[in-house]
file final-v8.cif (mmCIF, C-alpha atoms)
data_entry
#
loop_
_atom_site.label_atom_id
_atom_site.label_comp_id
_atom_site.auth_asym_id
_atom_site.auth_seq_id
_atom_site.Cartn_x
_atom_site.Cartn_y
_atom_site.Cartn_z
CA MET M 1326 81.52 98.42 124.90
CA ALA M 1327 82.44 94.75 125.27
CA GLU M 1328 79.62 93.72 122.95
CA ILE M 1329 80.83 96.06 120.20
CA LEU M 1330 84.44 94.99 120.67
CA CYS M 1331 83.35 91.37 120.31
CA VAL M 1332 81.94 92.25 116.90
CA TYR M 1333 85.24 93.89 115.93
CA ARG M 1334 87.09 90.77 117.08
CA GLN M 1335 84.77 88.75 114.84
CA VAL M 1336 85.70 91.06 111.95
CA ALA M 1337 89.40 90.45 112.62
CA MET M 1338 88.86 86.68 112.67
CA LEU M 1339 86.94 86.74 109.39
CA ARG M 1340 89.61 88.89 107.76
CA ALA M 1341 92.35 86.51 108.96
CA LYS M 1342 90.34 83.62 107.54
CA GLY M 1343 90.09 85.43 104.21
CA GLU M 1344 93.82 86.15 104.13
CA LYS M 1345 94.43 82.40 104.48
CA GLY M 1346 92.25 81.82 101.43
CA GLN M 1347 89.42 80.21 103.36
CA ALA M 1348 85.89 81.10 102.28
CA GLN M 1349 83.54 82.38 104.96
CA ASP M 1350 80.99 79.68 104.15
CA SER M 1351 83.49 76.81 104.11
CA ASP M 1352 81.69 75.29 107.09
CA GLY M 1353 78.49 74.96 105.08
CA GLY M 1354 76.72 78.09 106.34
CA GLY M 1355 76.11 81.37 104.54
CA SER M 1356 78.51 84.28 104.58
CA LEU M 1357 78.44 87.29 106.90
CA ALA M 1358 78.65 91.03 106.22
CA ILE M 1359 79.29 93.45 109.09
CA VAL M 1360 78.34 97.07 108.46
CA SER M 1361 79.13 100.09 110.63
CA TYR M 1362 76.23 102.53 110.10
CA ASP M 1363 75.13 106.01 111.12
CA GLU M 1364 73.59 109.21 109.81
CA LYS M 1365 75.22 112.61 109.46
CA PRO M 1366 72.23 114.98 109.56
CA GLY M 1367 72.06 118.74 109.07
CA ILE M 1368 74.69 119.05 106.33
CA GLN M 1369 74.14 122.62 105.18
CA ALA M 1370 73.85 123.60 101.54
CA ILE M 1371 75.38 127.08 101.75
CA GLY M 1372 75.85 129.32 98.73
CA THR M 1373 77.79 132.51 98.15
CA THR M 1374 76.14 135.88 97.52
CA ALA M 1375 79.03 137.06 95.32
CA PRO M 1376 81.76 135.26 93.34
CA ASP M 1377 84.95 134.34 95.20
CA ARG M 1378 87.94 136.50 94.32
CA PRO M 1379 91.41 135.04 93.64
CA PRO M 1380 94.36 135.66 95.96
CA LEU M 1381 96.21 138.95 95.54
CA PRO M 1382 99.96 139.23 96.30
CA GLY M 1383 100.55 141.43 99.32
CA ILE M 1384 96.83 141.70 100.09
CA SER M 1385 95.37 138.22 100.55
CA PRO M 1386 97.33 134.94 100.34
CA THR M 1387 94.11 132.93 99.93
CA VAL M 1388 90.82 133.12 98.06
CA MET M 1389 88.68 136.04 99.25
CA ARG M 1390 85.03 135.33 100.01
CA ASP M 1391 82.21 137.65 101.06
CA TYR M 1392 81.05 137.08 104.64
CA GLU M 1393 77.39 136.91 103.59
CA TYR M 1394 75.92 133.62 102.38
CA LYS M 1395 72.67 131.95 101.30
CA ARG M 1396 71.10 128.97 102.99
CA HIS M 1397 69.56 126.43 100.61
CA GLY M 1398 68.54 123.92 103.29
CA THR M 1399 70.10 120.80 104.78
CA LEU M 1400 70.62 117.16 103.82
CA THR M 1401 71.36 113.93 105.69
CA LEU M 1402 74.05 111.47 104.66
CA MET M 1403 73.16 107.88 105.60
CA ALA M 1404 76.23 105.67 105.32
CA GLY M 1405 77.54 102.26 106.30
CA ILE M 1406 81.05 100.82 105.92
CA ASP M 1407 81.44 97.12 105.17
CA LEU M 1408 84.13 96.33 107.74
CA LEU M 1409 85.42 93.36 105.74
CA THR M 1410 85.84 95.11 102.37
CA GLY M 1411 85.92 98.85 103.16
CA HIS M 1412 83.10 99.51 100.68
CA VAL M 1413 80.78 102.35 101.72
CA HIS M 1414 77.03 102.11 101.11
CA ALA M 1415 75.36 105.53 101.11
CA LEU M 1416 72.16 107.45 100.56
CA VAL M 1417 71.58 111.21 100.73
CA LYS M 1418 68.12 112.25 101.90
CA GLU M 1419 66.36 115.33 103.21
CA ARG M 1420 65.19 113.46 106.32
CA HIS M 1421 66.29 110.43 108.32
CA SER M 1422 63.04 108.96 109.58
CA SER M 1423 62.07 105.28 109.65
CA ARG M 1424 61.16 105.42 105.96
CA GLU M 1425 64.64 106.52 104.92
CA PHE M 1426 66.25 104.07 107.34
CA ILE M 1427 64.31 101.22 105.76
CA GLU M 1428 65.27 102.47 102.30
CA PHE M 1429 68.93 102.26 103.28
CA HIS M 1430 68.45 98.66 104.40
CA ARG M 1431 66.78 97.84 101.10
CA LEU M 1432 70.00 99.14 99.53
CA LEU M 1433 72.01 96.75 101.72
CA ASP M 1434 69.62 93.91 100.91
CA ALA M 1435 70.21 94.42 97.19
CA ALA M 1436 74.00 94.62 97.64
CA TYR M 1437 74.53 91.17 99.19
CA PRO M 1438 73.59 87.61 98.16
CA ALA M 1439 70.41 86.21 99.70
CA ASP M 1440 72.32 83.77 101.96
CA THR M 1441 74.46 86.51 103.53
CA ALA M 1442 73.67 87.52 107.11
CA ILE M 1443 74.03 91.29 107.50
CA GLU M 1444 75.04 92.50 110.95
CA VAL M 1445 74.69 96.26 111.47
CA ILE M 1446 76.44 98.30 114.18
CA LEU M 1447 74.39 101.41 114.95
CA ASP M 1448 73.05 103.67 117.70
CA ASN M 1449 69.54 103.44 119.16
CA HIS M 1450 68.05 106.44 117.34
CA SER M 1451 64.24 106.37 117.40
CA ALA M 1452 64.07 105.52 113.66
CA HIS M 1453 66.21 102.43 114.27
CA VAL M 1454 63.82 100.95 116.82
CA SER M 1455 60.47 102.32 115.63
CA ARG M 1456 57.37 100.25 115.03
CA GLU M 1457 57.69 100.80 111.27
CA THR M 1458 61.31 99.60 111.26
CA THR M 1459 60.55 96.63 113.52
CA SER M 1460 57.67 95.55 111.27
CA TRP M 1461 59.83 95.74 108.16
CA LEU M 1462 62.63 93.72 109.78
CA ALA M 1463 60.13 91.08 110.92
CA ALA M 1464 59.06 90.59 107.30
CA GLN M 1465 62.62 89.80 106.16
CA PRO M 1466 64.07 86.26 106.06
CA ILE M 1467 65.16 85.02 109.49
CA GLY M 1468 68.77 85.97 110.17
CA ARG M 1469 69.07 88.36 107.24
CA PHE M 1470 69.52 91.46 109.44
CA THR M 1471 70.77 91.68 113.01
CA PHE M 1472 71.51 94.88 114.94
CA THR M 1473 74.22 95.54 117.53
CA PHE M 1474 73.52 98.83 119.31
CA THR M 1475 76.25 101.15 120.61
CA THR M 1476 73.83 102.58 123.27
CA HIS M 1477 75.48 105.73 124.72
CA GLY M 1478 78.75 104.84 122.98
CA SER M 1479 78.57 106.18 119.43
CA TRP M 1480 82.31 106.87 119.57
CA LEU M 1481 82.77 103.09 119.31
CA ASN M 1482 81.26 103.08 115.82
CA LEU M 1483 83.90 103.12 113.07
CA ILE M 1484 81.65 105.08 110.69
CA GLU M 1485 82.37 108.17 112.81
CA GLY M 1486 85.89 108.21 111.38
CA LEU M 1487 84.48 108.48 107.86
CA PHE M 1488 82.23 111.37 108.88
CA SER M 1489 85.22 113.11 110.46
CA LYS M 1490 87.18 112.76 107.23
CA LEU M 1491 84.21 114.08 105.26
CA ALA M 1492 83.91 117.14 107.53
CA ARG M 1493 87.64 117.90 107.29
CA SER M 1494 88.28 117.24 103.60
CA GLY M 1495 84.93 117.28 101.83
CA LEU M 1496 82.74 119.84 103.59
CA ARG M 1497 85.18 122.40 104.95
CA HIS M 1498 84.47 125.82 103.42
CA ILE M 1499 82.18 124.20 100.84
CA ARG M 1500 79.80 126.44 98.88
CA VAL M 1501 77.09 125.10 96.56
CA SER M 1502 74.29 126.56 94.47
CA SER M 1503 71.60 124.10 95.61
CA LYS M 1504 70.85 121.01 97.68
CA HIS M 1505 71.10 118.99 94.46
CA GLU M 1506 74.69 120.11 93.98
CA LEU M 1507 75.50 119.26 97.60
CA LYS M 1508 74.03 115.77 97.12
CA GLU M 1509 76.14 115.25 94.00
CA ARG M 1510 79.29 116.30 95.81
CA LEU M 1511 78.56 114.05 98.79
CA MET M 1512 78.03 111.05 96.51
CA ALA M 1513 81.19 111.95 94.56
CA PHE M 1514 83.08 111.79 97.88
CA ILE M 1515 81.67 108.29 98.54
CA GLU M 1516 82.42 107.12 94.99
CA ASP M 1517 86.01 108.33 95.35
CA ILE M 1518 86.41 106.26 98.52
CA ASN M 1519 84.89 103.20 96.86
CA ARG M 1520 87.35 103.34 93.96
CA GLU M 1521 90.08 102.26 96.39
CA PRO M 1522 88.31 101.10 99.57
CA VAL M 1523 90.32 100.98 102.78
CA VAL M 1524 89.48 98.42 105.45
CA HIS M 1525 89.04 100.16 108.81
CA THR M 1526 90.50 98.49 111.89
CA TRP M 1527 89.51 99.10 115.51
CA ARG M 1528 92.62 99.12 117.72
CA TYR M 1529 91.06 99.17 121.19
CA LYS M 1530 91.26 95.61 122.50
CA LEU M 1531 88.53 93.67 124.26
CA ASN M 1532 90.61 93.06 127.39
CA ASN M 1533 90.96 96.84 127.81
CA ALA M 1534 87.18 97.08 128.32
CA ALA M 1535 87.29 95.20 131.62
#
call {"tool": "encode", "arguments": {"input": "final-v8.cif", "output": "structure tokens"}}
result
Amino acid sequence: MAEILCVYRQVAMLRAKGEKGQAQDSDGGGSLAIVSYDEKPGIQAIGTTAPDRPPLPGISPTVMRDYEYKRHGTLTLMAGIDLLTGHVHALVKERHSSREFIEFHRLLDAAYPADTAIEVILDNHSAHVSRETTSWLAAQPIGRFTFTFTTHGSWLNLIEGLFSKLARSGLRHIRVSSKHELKERLMAFIEDINREPVVHTWRYKLNNAA
């Protein structure tokens, strides 16, 4: 817990520095990006078996939907919030193995300048510490990626708040005709957030972890 909170304190210091108009690399070093990352697996692509019916006065105040449904499969949302800008990086995949995890980090690699150190907050899922992942990281420039693991404390990861918002406002009662439609709607949710990104702030203080 203390290790994660130290990272959040670092985020607060970098944000304060930015608000004063000081560049991150004013001391001669490269800049730093801190990304809160996780996967939301098993998002179900569920379709209706009959068209929804509109509300009827005196009978049903809401849309009426048949209780039967079709399962089209599941998808995984892989997402990371830049804690300094609020921008969300995301991929939607059918699996979340080492291959997809590496693909996400290629996305991060392309999003930041070459001299930016990218620190990722994440859990210790097997794909995050696999031989394939470790080999790929070893082939990257020294200092490009560093990981801070939540280890039995995923609730400390700010990305969980985004997934909660998605479940409550984007996925609740959702019905789609295919996995492709579900993917499009997930990415539309991310694009909507990125139009006006909100910087997430962790309120729990380091001295409370003692």
call {"tool": "residues_around", "arguments": {"input": "final-v8.cif", "residues": "Leu1496 of chain M", "least_positions_apart": "3", "cutoff": "12 Å", "atoms": "all atoms listed in the file", "output": "list in words"}}
result
Lys1365, Ile1368, Gln1369, Ala1370, Ile1371, Phe1488, Ser1489, Lys1490, Leu1491, Ala1492, Arg1493, Ile1499, Arg1500, Val1501, Leu1507, Lys1508, Arg1510, Leu1511 and Phe1514 of chain M
call {"tool": "closest_atom_pairs", "arguments": {"input": "final-v8.cif", "of": "segment 1383-1497 of chain M", "to": "segment 1329-1338 of chain M", "cutoff": "9 Å", "atoms": "all atoms listed in the file", "output": "tab-separated table"}}
result
residue	atom	partner	partner_atom	distance
M:Leu1408	CA	M:Val1336	CA	6.9
M:Leu1409	CA	M:Val1336	CA	6.6
M:Ile1446	CA	M:Ile1329	CA	7.8
M:Thr1473	CA	M:Ile1329	CA	7.1
M:Phe1474	CA	M:Ile1329	CA	7.9
M:Thr1475	CA	M:Ile1329	CA	6.9
M:Leu1481	CA	M:Ile1329	CA	7.3
M:Asn1482	CA	M:Ile1329	CA	8.3
call {"tool": "write_last_selection", "arguments": {"input": "final-v8.cif", "atoms": "C-alpha atoms", "output": "tab-separated table (two decimals), in the frame of the given file"}}
result
chain	number	residue	atom	x	y	z
M	1408	LEU	CA	84.13	96.33	107.74
M	1409	LEU	CA	85.42	93.36	105.74
M	1446	ILE	CA	76.44	98.30	114.18
M	1473	THR	CA	74.22	95.54	117.53
M	1474	PHE	CA	73.52	98.83	119.31
M	1475	THR	CA	76.25	101.15	120.61
M	1481	LEU	CA	82.77	103.09	119.31
M	1482	ASN	CA	81.26	103.08	115.82
call {"tool": "closest_residue", "arguments": {"input": "final-v8.cif", "among": "M:Arg1424, M:Leu1400, M:Ser1356, M:Thr1441", "to": "Arg1456 of chain M", "atoms": "all atoms listed in the file"}}
result
M:Arg1424
call {"tool": "atom_distance", "arguments": {"input": "final-v8.cif", "atom1": "atom CA of Val1445 of chain M", "atom2": "atom CA of His1430 of chain M"}}
result
9.7 Å
call {"tool": "closest_residue", "arguments": {"input": "final-v8.cif", "among": "M:Ser1423, M:Ser1494, M:Ala1439, M:Met1512", "to": "Thr1459 of chain M", "atoms": "only C-alpha atoms"}}
result
M:Ser1423
call {"tool": "residues_near_point", "arguments": {"input": "final-v8.cif", "point": "(72.5, 100.9, 114.6)", "cutoff": "10 Å", "atoms": "only C-alpha atoms", "output": "ChimeraX atom specification"}}
result
/M:1360-1364,1405,1444-1450,1452-1454,1471-1476,1479,1482
call {"tool": "axis_aligned_box", "arguments": {"input": "final-v8.cif", "around": "segment 1370-1377 of chain M", "padding_each_side": "4 Å", "output": "JSON"}}
result
{"center_x": 79.4, "center_y": 130.3, "center_z": 97.5, "size_x": 19.1, "size_y": 21.5, "size_z": 16.4}
call {"tool": "atom_distance", "arguments": {"input": "final-v8.cif", "atom1": "atom CA of Pro1438 of chain M", "atom2": "atom CA of Leu1416 of chain M"}}
result
20.0 Å
call {"tool": "closest_residue", "arguments": {"input": "final-v8.cif", "among": "M:Leu1432, M:Ile1384, M:Glu1509, M:Ile1427", "to": "Ser1455 of chain M", "atoms": "only C-alpha atoms"}}
result
M:Ile1427
call {"tool": "closest_residue", "arguments": {"input": "final-v8.cif", "among": "M:His1414, M:His1477, M:His1498, M:Arg1431", "to": "Ile1515 of chain M", "atoms": "only C-alpha atoms"}}
result
M:His1414
